[in-house]
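Below is one structure; the comments refer to it alone.
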Amino acid sequence: MKKIASLIAALFAIVSVEAQTAQEVLGVAQKANDYFMTKYDDPTVPTNVGRIRPSSLWTRAVYYEGLMELYKVDAQQRYIDYTDRWAEFHQWTPRNGITSCDADDQCCEQTYLDRYMMTKDEKMIVHVKENLAHQMKTGNDRKANGALYGWWTWIDAIQMAMPVYSKMYRITGEQKYIDHAMRMYTWSRDTLAGGLFNTKEGLWWRDADYVPPYKEKDGQNCYWSRGSGWVYAALVRVLEDLEAMPKLSKQSKKYYKSLKKDFVLMSQGLLACQREDGFWNPSLMSPVTYGGKELTGTALFLYGMSWGMNHGILKAKQYRGACDRAWNAMAKDAVHRDGFLGWVQGTGKDPSAGQPLAYDKVPDFEDYGTGCFLLGAVEYYRLLKK
């Protein structure tokens with residue numbers, strides 16, 4: 001009897017997934033975005049969670065990453081108007097100015113560069129160039145003993161800043177940008193705390209505070225879902241920039257091959273961690289310690305796996321089902337009728353942050369959750385359109 005019930009449930013899940021057309025996926029993405037743009041109708045207003053922060057902070061910058069992807073498949077002028085109003089207000093400058101080497105401050109530059117590629121308006125790029133020029137000659141005295149490449153001391157930083165360098169390389173063709181980015185990435189990957197990437201499991205330790213191997217209370221290795229999600233998204237965005245180059249140098253071809261290898265290793269590791277319901281746990285390998293539904297990591301993994309299939313790196317036979325399950329889970333169990341997103345883990349640095357999670361719980365910041373969701377939804381939409 002139980003076997004029959006399981007079979008019926010499985011068949012129902014398949015039918016539910018197949019019912020999702022590309023247009024329906026796009027409609028859900030539009031609904032989530034409309035909710036956000038309506039609630040935060042003035043993009044210049046600073047955030048006020050604990051203290052006042054300018055709206056160019058990383059949480060908002062991630063939202064604009066998602067919005068720029070949505071615009072590519074749904075070219076509504078109001079998306080551009082909303083983006084430019086935000087960027088103009090912040091003078092197309094990283095948070096805390098051009099001398100900041102903090103990746104969180106630099107995340108907004110990704111959108112400035114995306115807009116530059118659409119318009120070729122120099123004002124959108126001049127301060128980004130100044131900022132990167134400063135960082136490329138400045139060592140991290142505070143956290144890395146002055147190491148020139150020791151700025152990404154937490155893995156979230158790879159997503160926040162590495163695509164800034166790859167986009168600048170894509171725009172200018174100047175090798176120095178991708179060279180510097182790869183040296184910083186490699187320092188975080190292989191040197192920081194003995195190396196934050198566990199190639200055997202395809203997952204990342206979060207930062208030097210979690211000196212590998214860091215364990216959960218149940219003895220499982222502690223890999224934070226959104227942390228590995230940030231790296232996974234960064235690999236997608238950098239690989240995409242390298243693919244878009246008309247011609248790669250010999251060295252850049254090596255970079256592409258190396259990053260692609262890491263992307264495949266991560267894909268394999270993440271695939272093994274997916275829950276039966278389609279979500280991923282906040283603590284990827286521990287269903288006991290901070291297991292449960294979580295949207296941001298799930299959306300970023302959907303983004304990466306869909307992209308990998310769309311670009312011929314991952315095999316659909318192996319990964320398509322995981323993407324279908326992930327989308328089906330989020331669309332059914334996280335998206336409210338008005339577009340609010342549930343099961344979003346609040347800001348933090350490990351699986352314990354913002355717990356307990358819930359369908360109706362409002363996280364401390366909503367913006368990056370929407371950004372992650374849009375990245376995943378749009379890439380999955382592209383997969384369905386193929």
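Each chain of the structure tokens is named A, B, ... in the order shown, its residues numbered from 1; ligands are numbered from 1 in display order.
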Report as number ranges by chain all protein, DNA and RNA residues lying within 8 Å of Gln110 (chain A), evaluated on only C-alpha atoms, omitting residues in the same chain fewer than 2 positions from it. A: 65, 106-108, 112-114, 161, 163-164, 167
Could the residues in this selection be written to a file with N, CA, C and O atoms, as an mmCIF file, in the first residue's frame?
data_model
loop_
_atom_site.group_PDB
_atom_site.id
_atom_site.type_symbol
_atom_site.label_atom_id
_atom_site.label_comp_id
_atom_site.auth_asym_id
_atom_site.auth_seq_id
_atom_site.Cartn_x
_atom_site.Cartn_y
_atom_site.Cartn_z
ATOM 1 N N GLU A 65 20.964 42.457 -9.655
ATOM 2 C CA GLU A 65 21.490 41.382 -10.502
ATOM 3 C C GLU A 65 20.325 40.594 -11.095
ATOM 4 O O GLU A 65 20.297 40.293 -12.295
ATOM 5 N N GLN A 106 31.260 46.558 -3.339
ATOM 6 C CA GLN A 106 31.486 46.530 -4.784
ATOM 7 C C GLN A 106 30.380 45.828 -5.559
ATOM 8 O O GLN A 106 30.302 45.952 -6.785
ATOM 9 N N CYS A 107 29.508 45.122 -4.871
ATOM 10 C CA CYS A 107 28.500 44.321 -5.566
ATOM 11 C C CYS A 107 27.635 45.158 -6.506
ATOM 12 O O CYS A 107 27.284 44.718 -7.604
ATOM 13 N N CYS A 108 27.307 46.372 -6.095
ATOM 14 C CA CYS A 108 26.472 47.238 -6.931
ATOM 15 C C CYS A 108 27.118 47.537 -8.276
ATOM 16 O O CYS A 108 26.426 47.847 -9.261
ATOM 17 N N TYR A 112 26.070 48.445 -12.529
ATOM 18 C CA TYR A 112 26.594 49.594 -13.268
ATOM 19 C C TYR A 112 27.228 49.126 -14.580
ATOM 20 O O TYR A 112 27.015 49.727 -15.649
ATOM 21 N N LEU A 113 27.982 48.029 -14.514
ATOM 22 C CA LEU A 113 28.643 47.520 -15.709
ATOM 23 C C LEU A 113 27.643 46.905 -16.687
ATOM 24 O O LEU A 113 27.798 47.032 -17.911
ATOM 25 N N ASP A 114 26.625 46.251 -16.163
ATOM 26 C CA ASP A 114 25.569 45.738 -17.036
ATOM 27 C C ASP A 114 24.895 46.877 -17.799
ATOM 28 O O ASP A 114 24.611 46.756 -19.000
ATOM 29 N N ALA A 161 32.001 40.328 -5.786
ATOM 30 C CA ALA A 161 33.022 41.127 -6.468
ATOM 31 C C ALA A 161 33.677 40.476 -7.680
ATOM 32 O O ALA A 161 34.100 41.182 -8.594
ATOM 33 N N PRO A 163 32.513 38.874 -10.301
ATOM 34 C CA PRO A 163 31.920 39.251 -11.588
ATOM 35 C C PRO A 163 32.167 40.705 -11.969
ATOM 36 O O PRO A 163 32.078 41.045 -13.161
ATOM 37 N N VAL A 164 32.471 41.563 -11.017
ATOM 38 C CA VAL A 164 32.829 42.939 -11.361
ATOM 39 C C VAL A 164 34.104 42.926 -12.203
ATOM 40 O O VAL A 164 34.196 43.598 -13.242
ATOM 41 N N LYS A 167 33.409 41.282 -15.686
ATOM 42 C CA LYS A 167 32.668 42.188 -16.565
ATOM 43 C C LYS A 167 33.579 43.290 -17.098
ATOM 44 O O LYS A 167 33.478 43.690 -18.268
#
If we count only C-alpha atoms, what is near Asp338 (chain A) at a cut-off of 12 Å, once residues fewer than 2 positions away on the same chain are taken out, given as a PyMOL selection string? chain A and resi 28-36+38-39+334-336+340-342
Residues of region 217-318 of chain A that have any atom at most 9 Å from an atom of region 324-327 of chain A: could you tabulate them with the shortest-distance atom pair and the distance in Å to one decimal, using only C-alpha atoms, ordered by chain and increasing number, as a Markdown table?
| residue | atom | partner | partner_atom | distance |
| --- | --- | --- | --- | --- |
| A:Gln274 | CA | A:Ala326 | CA | 8.6 |
| A:Glu276 | CA | A:Arg325 | CA | 8.3 |
| A:Asp277 | CA | A:Arg325 | CA | 7.0 |
| A:Gly278 | CA | A:Ala326 | CA | 4.3 |
| A:Phe279 | CA | A:Ala326 | CA | 5.7 |
| A:Trp280 | CA | A:Ala326 | CA | 8.4 |
| A:Thr298 | CA | A:Ala326 | CA | 6.6 |
| A:Ala299 | CA | A:Ala326 | CA | 7.6 |
| A:Phe301 | CA | A:Ala326 | CA | 8.5 |
| A:Leu302 | CA | A:Ala326 | CA | 6.5 |
Selection export as a compact mmCIF listing (two decimals), in the first residue's frame, atoms kept: N, CA, C and O atoms:
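Saved file again.txt follows:
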# COMPACT_ATOMS: atom_id res chain seq x y z
N GLN A 274 20.34 17.62 -2.55
CA GLN A 274 18.97 18.11 -2.70
C GLN A 274 17.99 17.26 -1.90
O GLN A 274 18.07 16.04 -1.87
N GLU A 276 14.23 15.67 -0.98
CA GLU A 276 13.22 15.02 -1.81
C GLU A 276 12.14 15.99 -2.28
O GLU A 276 11.56 15.83 -3.35
N ASP A 277 11.88 17.03 -1.46
CA ASP A 277 10.82 17.98 -1.84
C ASP A 277 11.28 19.03 -2.84
O ASP A 277 10.50 19.87 -3.28
N GLY A 278 12.58 19.01 -3.19
CA GLY A 278 13.10 19.95 -4.19
C GLY A 278 13.92 21.07 -3.62
O GLY A 278 14.71 21.70 -4.34
N PHE A 279 13.75 21.39 -2.34
CA PHE A 279 14.55 22.42 -1.70
C PHE A 279 15.92 21.86 -1.31
O PHE A 279 16.16 20.65 -1.39
N TRP A 280 16.79 22.75 -0.85
CA TRP A 280 18.02 22.37 -0.17
C TRP A 280 17.96 22.88 1.26
O TRP A 280 17.36 23.93 1.54
N THR A 298 18.36 27.43 -2.66
CA THR A 298 17.66 26.66 -3.69
C THR A 298 17.60 27.43 -5.00
O THR A 298 17.84 26.87 -6.08
N ALA A 299 17.29 28.72 -4.93
CA ALA A 299 17.20 29.54 -6.14
C ALA A 299 18.55 29.65 -6.84
O ALA A 299 18.64 29.60 -8.08
N PHE A 301 21.02 27.50 -6.69
CA PHE A 301 21.39 26.21 -7.27
C PHE A 301 20.58 25.96 -8.54
O PHE A 301 21.10 25.41 -9.52
N LEU A 302 19.32 26.37 -8.55
CA LEU A 302 18.51 26.29 -9.77
C LEU A 302 19.14 27.15 -10.86
O LEU A 302 19.20 26.73 -12.03
As a JSON list (two decimals) with N, CA and C atoms, in the first residue's frame, please: all residues of region 72-241 of chain A that backbone DSSP puts in helix (DSSP H, G or I).
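Here's the written file result-v1.json:
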[["chain", "number", "residue", "atom", "x", "y", "z"],
["A", 72, "LYS", "N", 16.38, 41.05, -19.47],
["A", 72, "LYS", "CA", 16.85, 40.43, -20.70],
["A", 72, "LYS", "C", 15.79, 39.57, -21.36],
["A", 73, "VAL", "N", 14.84, 39.06, -20.57],
["A", 73, "VAL", "CA", 13.78, 38.23, -21.15],
["A", 73, "VAL", "C", 12.42, 38.93, -21.11],
["A", 77, "GLN", "N", 10.53, 48.88, -19.80],
["A", 77, "GLN", "CA", 11.28, 50.10, -19.54],
["A", 77, "GLN", "C", 11.28, 50.48, -18.07],
["A", 78, "ARG", "N", 10.23, 50.12, -17.36],
["A", 78, "ARG", "CA", 10.16, 50.49, -15.95],
["A", 78, "ARG", "C", 11.25, 49.80, -15.13],
["A", 79, "TYR", "N", 11.73, 48.66, -15.59],
["A", 79, "TYR", "CA", 12.85, 48.01, -14.89],
["A", 79, "TYR", "C", 14.11, 48.87, -15.02],
["A", 80, "ILE", "N", 14.35, 49.38, -16.21],
["A", 80, "ILE", "CA", 15.52, 50.22, -16.45],
["A", 80, "ILE", "C", 15.38, 51.55, -15.71],
["A", 81, "ASP", "N", 14.19, 52.14, -15.73],
["A", 81, "ASP", "CA", 13.98, 53.40, -15.03],
["A", 81, "ASP", "C", 14.24, 53.25, -13.54],
["A", 82, "TYR", "N", 13.77, 52.15, -12.98],
["A", 82, "TYR", "CA", 13.95, 51.87, -11.55],
["A", 82, "TYR", "C", 15.43, 51.68, -11.23],
["A", 83, "THR", "N", 16.13, 50.98, -12.11],
["A", 83, "THR", "CA", 17.56, 50.73, -11.92],
["A", 83, "THR", "C", 18.36, 52.01, -12.03],
["A", 84, "ASP", "N", 18.09, 52.79, -13.06],
["A", 84, "ASP", "CA", 18.87, 54.01, -13.28],
["A", 84, "ASP", "C", 18.61, 55.06, -12.21],
["A", 85, "ARG", "N", 17.41, 55.10, -11.71],
["A", 85, "ARG", "CA", 17.13, 56.04, -10.62],
["A", 85, "ARG", "C", 17.98, 55.70, -9.40],
["A", 86, "TRP", "N", 18.09, 54.43, -9.13],
["A", 86, "TRP", "CA", 18.92, 53.94, -8.01],
["A", 86, "TRP", "C", 20.40, 54.25, -8.26],
["A", 87, "ALA", "N", 20.88, 53.90, -9.43],
["A", 87, "ALA", "CA", 22.30, 54.07, -9.73],
["A", 87, "ALA", "C", 22.69, 55.55, -9.82],
["A", 88, "GLU", "N", 21.85, 56.37, -10.42],
["A", 88, "GLU", "CA", 22.11, 57.81, -10.50],
["A", 88, "GLU", "C", 22.19, 58.43, -9.11],
["A", 89, "PHE", "N", 21.30, 58.00, -8.24],
["A", 89, "PHE", "CA", 21.30, 58.52, -6.88],
["A", 89, "PHE", "C", 22.63, 58.22, -6.18],
["A", 103, "ALA", "N", 34.19, 43.65, -0.74],
["A", 103, "ALA", "CA", 33.38, 43.09, -1.81],
["A", 103, "ALA", "C", 31.91, 43.45, -1.67],
["A", 104, "ASP", "N", 31.41, 43.53, -0.44],
["A", 104, "ASP", "CA", 30.01, 43.90, -0.24],
["A", 104, "ASP", "C", 29.73, 45.29, -0.81],
["A", 105, "ASP", "N", 30.70, 46.19, -0.70],
["A", 105, "ASP", "CA", 30.53, 47.54, -1.25],
["A", 105, "ASP", "C", 30.59, 47.54, -2.77],
["A", 106, "GLN", "N", 31.26, 46.56, -3.34],
["A", 106, "GLN", "CA", 31.49, 46.53, -4.78],
["A", 106, "GLN", "C", 30.38, 45.83, -5.56],
["A", 109, "GLU", "N", 28.44, 47.41, -8.35],
["A", 109, "GLU", "CA", 29.13, 47.72, -9.60],
["A", 109, "GLU", "C", 28.78, 46.74, -10.71],
["A", 110, "GLN", "N", 28.34, 45.55, -10.36],
["A", 110, "GLN", "CA", 27.92, 44.60, -11.39],
["A", 110, "GLN", "C", 26.81, 45.20, -12.25],
["A", 111, "THR", "N", 25.85, 45.83, -11.60],
["A", 111, "THR", "CA", 24.73, 46.42, -12.33],
["A", 111, "THR", "C", 25.16, 47.65, -13.10],
["A", 112, "TYR", "N", 26.07, 48.44, -12.53],
["A", 112, "TYR", "CA", 26.59, 49.59, -13.27],
["A", 112, "TYR", "C", 27.23, 49.13, -14.58],
["A", 113, "LEU", "N", 27.98, 48.03, -14.51],
["A", 113, "LEU", "CA", 28.64, 47.52, -15.71],
["A", 113, "LEU", "C", 27.64, 46.90, -16.69],
["A", 114, "ASP", "N", 26.62, 46.25, -16.16],
["A", 114, "ASP", "CA", 25.57, 45.74, -17.04],
["A", 114, "ASP", "C", 24.90, 46.88, -17.80],
["A", 115, "ARG", "N", 24.64, 47.96, -17.11],
["A", 115, "ARG", "CA", 24.00, 49.10, -17.77],
["A", 115, "ARG", "C", 24.95, 49.75, -18.78],
["A", 116, "TYR", "N", 26.23, 49.78, -18.46],
["A", 116, "TYR", "CA", 27.19, 50.32, -19.41],
["A", 116, "TYR", "C", 27.19, 49.51, -20.71],
["A", 117, "MET", "N", 27.11, 48.20, -20.58],
["A", 117, "MET", "CA", 27.12, 47.36, -21.78],
["A", 117, "MET", "C", 25.89, 47.59, -22.64],
["A", 118, "MET", "N", 24.82, 48.12, -22.04],
["A", 118, "MET", "CA", 23.61, 48.44, -22.81],
["A", 118, "MET", "C", 23.69, 49.82, -23.45],
["A", 119, "THR", "N", 24.43, 50.75, -22.82],
["A", 119, "THR", "CA", 24.37, 52.15, -23.24],
["A", 119, "THR", "C", 25.69, 52.73, -23.72],
["A", 122, "GLU", "N", 29.86, 56.43, -20.41],
["A", 122, "GLU", "CA", 31.08, 56.36, -19.60],
["A", 122, "GLU", "C", 30.85, 56.68, -18.13],
["A", 123, "LYS", "N", 29.84, 57.48, -17.82],
["A", 123, "LYS", "CA", 29.63, 57.82, -16.42],
["A", 123, "LYS", "C", 29.29, 56.59, -15.58],
["A", 124, "MET", "N", 28.80, 55.56, -16.23],
["A", 124, "MET", "CA", 28.40, 54.34, -15.53],
["A", 124, "MET", "C", 29.60, 53.47, -15.15],
["A", 126, "VAL", "N", 33.19, 54.86, -14.96],
["A", 126, "VAL", "CA", 34.42, 55.56, -14.58],
["A", 126, "VAL", "C", 34.81, 55.30, -13.13],
["A", 127, "HIS", "N", 33.85, 55.31, -12.22],
["A", 127, "HIS", "CA", 34.18, 55.09, -10.81],
["A", 127, "HIS", "C", 34.50, 53.62, -10.51],
["A", 128, "VAL", "N", 33.94, 52.73, -11.32],
["A", 128, "VAL", "CA", 34.27, 51.32, -11.17],
["A", 128, "VAL", "C", 35.74, 51.11, -11.53],
["A", 129, "LYS", "N", 36.19, 51.72, -12.60],
["A", 129, "LYS", "CA", 37.59, 51.61, -13.00],
["A", 129, "LYS", "C", 38.51, 52.15, -11.90],
["A", 130, "GLU", "N", 38.14, 53.27, -11.33],
["A", 130, "GLU", "CA", 38.94, 53.86, -10.26],
["A", 130, "GLU", "C", 39.00, 52.94, -9.04],
["A", 131, "ASN", "N", 37.88, 52.35, -8.73],
["A", 131, "ASN", "CA", 37.80, 51.47, -7.57],
["A", 131, "ASN", "C", 38.68, 50.22, -7.77],
["A", 132, "LEU", "N", 38.59, 49.59, -8.92],
["A", 132, "LEU", "CA", 39.37, 48.39, -9.17],
["A", 132, "LEU", "C", 40.86, 48.71, -9.26],
["A", 133, "ALA", "N", 41.19, 49.85, -9.85],
["A", 133, "ALA", "CA", 42.60, 50.26, -9.92],
["A", 133, "ALA", "C", 43.17, 50.41, -8.51],
["A", 134, "HIS", "N", 42.37, 50.95, -7.60],
["A", 134, "HIS", "CA", 42.82, 51.09, -6.22],
["A", 134, "HIS", "C", 43.02, 49.72, -5.56],
["A", 135, "GLN", "N", 42.07, 48.83, -5.75],
["A", 135, "GLN", "CA", 42.19, 47.52, -5.09],
["A", 135, "GLN", "C", 43.35, 46.71, -5.63],
["A", 156, "ASP", "N", 31.03, 34.56, 0.39],
["A", 156, "ASP", "CA", 30.03, 35.44, -0.23],
["A", 156, "ASP", "C", 30.71, 36.49, -1.12],
["A", 157, "ALA", "N", 31.91, 36.90, -0.70],
["A", 157, "ALA", "CA", 32.62, 37.96, -1.42],
["A", 157, "ALA", "C", 32.93, 37.58, -2.85],
["A", 158, "ILE", "N", 33.07, 36.28, -3.12],
["A", 158, "ILE", "CA", 33.39, 35.85, -4.48],
["A", 158, "ILE", "C", 32.25, 36.24, -5.42],
["A", 159, "GLN", "N", 31.02, 36.07, -4.96],
["A", 159, "GLN", "CA", 29.88, 36.48, -5.79],
["A", 159, "GLN", "C", 29.76, 37.99, -5.86],
["A", 160, "MET", "N", 29.99, 38.66, -4.76],
["A", 160, "MET", "CA", 29.79, 40.10, -4.74],
["A", 160, "MET", "C", 30.76, 40.83, -5.68],
["A", 161, "ALA", "N", 32.00, 40.33, -5.79],
["A", 161, "ALA", "CA", 33.02, 41.13, -6.47],
["A", 161, "ALA", "C", 33.68, 40.48, -7.68],
["A", 162, "MET", "N", 33.79, 39.16, -7.71],
["A", 162, "MET", "CA", 34.50, 38.55, -8.84],
["A", 162, "MET", "C", 33.85, 38.88, -10.19],
["A", 163, "PRO", "N", 32.51, 38.87, -10.30],
["A", 163, "PRO", "CA", 31.92, 39.25, -11.59],
["A", 163, "PRO", "C", 32.17, 40.70, -11.97],
["A", 164, "VAL", "N", 32.47, 41.56, -11.02],
["A", 164, "VAL", "CA", 32.83, 42.94, -11.36],
["A", 164, "VAL", "C", 34.10, 42.93, -12.20],
["A", 165, "TYR", "N", 35.07, 42.14, -11.77],
["A", 165, "TYR", "CA", 36.32, 42.04, -12.52],
["A", 165, "TYR", "C", 36.11, 41.38, -13.88],
["A", 166, "SER", "N", 35.32, 40.32, -13.93],
["A", 166, "SER", "CA", 35.13, 39.64, -15.22],
["A", 166, "SER", "C", 34.35, 40.51, -16.20],
["A", 167, "LYS", "N", 33.41, 41.28, -15.69],
["A", 167, "LYS", "CA", 32.67, 42.19, -16.57],
["A", 167, "LYS", "C", 33.58, 43.29, -17.10],
["A", 168, "MET", "N", 34.47, 43.78, -16.24],
["A", 168, "MET", "CA", 35.40, 44.81, -16.70],
["A", 168, "MET", "C", 36.36, 44.23, -17.75],
["A", 169, "TYR", "N", 36.77, 43.01, -17.56],
["A", 169, "TYR", "CA", 37.59, 42.32, -18.56],
["A", 169, "TYR", "C", 36.81, 42.18, -19.87],
["A", 170, "ARG", "N", 35.56, 41.81, -19.77],
["A", 170, "ARG", "CA", 34.71, 41.65, -20.95],
["A", 170, "ARG", "C", 34.55, 42.98, -21.69],
["A", 171, "ILE", "N", 34.43, 44.06, -20.96],
["A", 171, "ILE", "CA", 34.20, 45.38, -21.56],
["A", 171, "ILE", "C", 35.48, 45.92, -22.19],
["A", 172, "THR", "N", 36.60, 45.83, -21.46],
["A", 172, "THR", "CA", 37.84, 46.47, -21.89],
["A", 172, "THR", "C", 38.78, 45.55, -22.65],
["A", 175, "GLN", "N", 43.65, 42.25, -19.81],
["A", 175, "GLN", "CA", 43.94, 41.00, -19.10],
["A", 175, "GLN", "C", 44.11, 41.19, -17.60],
["A", 176, "LYS", "N", 44.54, 42.36, -17.20],
["A", 176, "LYS", "CA", 44.85, 42.58, -15.78],
["A", 176, "LYS", "C", 43.64, 42.34, -14.89],
["A", 177, "TYR", "N", 42.46, 42.57, -15.39],
["A", 177, "TYR", "CA", 41.27, 42.42, -14.55],
["A", 177, "TYR", "C", 41.00, 40.95, -14.23],
["A", 178, "ILE", "N", 41.02, 40.12, -15.22],
["A", 178, "ILE", "CA", 40.73, 38.70, -14.96],
["A", 178, "ILE", "C", 41.91, 38.04, -14.25],
["A", 179, "ASP", "N", 43.13, 38.50, -14.50],
["A", 179, "ASP", "CA", 44.29, 37.98, -13.79],
["A", 179, "ASP", "C", 44.15, 38.24, -12.29],
["A", 180, "HIS", "N", 43.81, 39.46, -11.94],
["A", 180, "HIS", "CA", 43.70, 39.81, -10.52],
["A", 180, "HIS", "C", 42.55, 39.05, -9.86],
["A", 181, "ALA", "N", 41.44, 38.95, -10.56],
["A", 181, "ALA", "CA", 40.29, 38.22, -10.01],
["A", 181, "ALA", "C", 40.65, 36.77, -9.74],
["A", 182, "MET", "N", 41.34, 36.13, -10.66],
["A", 182, "MET", "CA", 41.68, 34.73, -10.49],
["A", 182, "MET", "C", 42.68, 34.53, -9.35],
["A", 183, "ARG", "N", 43.57, 35.47, -9.16],
["A", 183, "ARG", "CA", 44.51, 35.33, -8.05],
["A", 183, "ARG", "C", 43.79, 35.48, -6.71],
["A", 184, "MET", "N", 42.81, 36.36, -6.66],
["A", 184, "MET", "CA", 42.04, 36.49, -5.42],
["A", 184, "MET", "C", 41.18, 35.26, -5.18],
["A", 185, "TYR", "N", 40.58, 34.75, -6.23],
["A", 185, "TYR", "CA", 39.75, 33.55, -6.12],
["A", 185, "TYR", "C", 40.60, 32.37, -5.65],
["A", 186, "THR", "N", 41.77, 32.21, -6.25],
["A", 186, "THR", "CA", 42.64, 31.09, -5.92],
["A", 186, "THR", "C", 43.13, 31.19, -4.48],
["A", 187, "TRP", "N", 43.39, 32.40, -4.01],
["A", 187, "TRP", "CA", 43.81, 32.60, -2.62],
["A", 187, "TRP", "C", 42.71, 32.12, -1.66],
["A", 188, "SER", "N", 41.48, 32.47, -1.94],
["A", 188, "SER", "CA", 40.37, 32.03, -1.09],
["A", 188, "SER", "C", 40.16, 30.52, -1.22],
["A", 189, "ARG", "N", 40.26, 30.01, -2.40],
["A", 189, "ARG", "CA", 40.02, 28.60, -2.68],
["A", 189, "ARG", "C", 41.05, 27.69, -2.03],
["A", 190, "ASP", "N", 42.33, 28.08, -2.15],
["A", 190, "ASP", "CA", 43.41, 27.15, -1.82],
["A", 190, "ASP", "C", 44.26, 27.53, -0.61],
["A", 191, "THR", "N", 44.27, 28.81, -0.24],
["A", 191, "THR", "CA", 45.19, 29.28, 0.80],
["A", 191, "THR", "C", 44.50, 29.66, 2.09],
["A", 192, "LEU", "N", 43.45, 30.43, 2.02],
["A", 192, "LEU", "CA", 42.76, 30.92, 3.22],
["A", 192, "LEU", "C", 42.31, 29.76, 4.10],
["A", 193, "ALA", "N", 42.77, 29.75, 5.34],
["A", 193, "ALA", "CA", 42.39, 28.70, 6.31],
["A", 193, "ALA", "C", 42.67, 27.30, 5.77],
["A", 194, "GLY", "N", 43.70, 27.19, 4.95],
["A", 194, "GLY", "CA", 44.04, 25.90, 4.37],
["A", 194, "GLY", "C", 43.25, 25.56, 3.12],
["A", 225, "SER", "N", 24.21, 26.62, 2.90],
["A", 225, "SER", "CA", 23.58, 26.58, 1.59],
["A", 225, "SER", "C", 23.83, 27.86, 0.80],
["A", 226, "ARG", "N", 23.45, 28.99, 1.35],
["A", 226, "ARG", "CA", 23.58, 30.23, 0.58],
["A", 226, "ARG", "C", 25.05, 30.59, 0.34],
["A", 227, "GLY", "N", 25.94, 30.19, 1.25],
["A", 227, "GLY", "CA", 27.36, 30.46, 1.04],
["A", 227, "GLY", "C", 27.87, 29.76, -0.21],
["A", 228, "SER", "N", 27.62, 28.46, -0.30],
["A", 228, "SER", "CA", 28.01, 27.74, -1.52],
["A", 228, "SER", "C", 27.23, 28.27, -2.72],
["A", 229, "GLY", "N", 25.99, 28.71, -2.48],
["A", 229, "GLY", "CA", 25.19, 29.29, -3.56],
["A", 229, "GLY", "C", 25.82, 30.54, -4.13],
["A", 230, "TRP", "N", 26.42, 31.36, -3.27],
["A", 230, "TRP", "CA", 27.09, 32.57, -3.76],
["A", 230, "TRP", "C", 28.24, 32.22, -4.69],
["A", 231, "VAL", "N", 29.05, 31.24, -4.29],
["A", 231, "VAL", "CA", 30.17, 30.85, -5.14],
["A", 231, "VAL", "C", 29.67, 30.28, -6.46],
["A", 232, "TYR", "N", 28.64, 29.45, -6.38],
["A", 232, "TYR", "CA", 28.08, 28.83, -7.57],
["A", 232, "TYR", "C", 27.59, 29.91, -8.55],
["A", 233, "ALA", "N", 26.92, 30.91, -8.04],
["A", 233, "ALA", "CA", 26.44, 32.01, -8.89],
["A", 233, "ALA", "C", 27.61, 32.78, -9.48],
["A", 234, "ALA", "N", 28.65, 33.00, -8.69],
["A", 234, "ALA", "CA", 29.82, 33.72, -9.20],
["A", 234, "ALA", "C", 30.46, 32.96, -10.36],
["A", 235, "LEU", "N", 30.57, 31.65, -10.22],
["A", 235, "LEU", "CA", 31.15, 30.86, -11.30],
["A", 235, "LEU", "C", 30.33, 31.00, -12.57],
["A", 236, "VAL", "N", 29.02, 30.97, -12.44],
["A", 236, "VAL", "CA", 28.15, 31.15, -13.61],
["A", 236, "VAL", "C", 28.42, 32.49, -14.27],
["A", 237, "ARG", "N", 28.46, 33.54, -13.49],
["A", 237, "ARG", "CA", 28.56, 34.89, -14.04],
["A", 237, "ARG", "C", 29.93, 35.13, -14.67],
["A", 238, "VAL", "N", 30.98, 34.60, -14.06],
["A", 238, "VAL", "CA", 32.32, 34.77, -14.62],
["A", 238, "VAL", "C", 32.49, 33.92, -15.88],
["A", 239, "LEU", "N", 32.04, 32.67, -15.82],
["A", 239, "LEU", "CA", 32.13, 31.83, -17.02],
["A", 239, "LEU", "C", 31.35, 32.43, -18.18],
["A", 240, "GLU", "N", 30.21, 33.01, -17.89],
["A", 240, "GLU", "CA", 29.41, 33.63, -18.95],
["A", 240, "GLU", "C", 30.15, 34.80, -19.56],
["A", 241, "ASP", "N", 30.81, 35.60, -18.74],
["A", 241, "ASP", "CA", 31.59, 36.72, -19.29],
["A", 241, "ASP", "C", 32.74, 36.22, -20.15]]
With distances taken over only C-alpha atoms, which of A:Ser252, A:Thr289, A:Ser55, A:Thr93 is nearest to Lys215 (chain A)?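 The shortest atom-to-atom distance to Lys215 (chain A) comes from A:Thr289.
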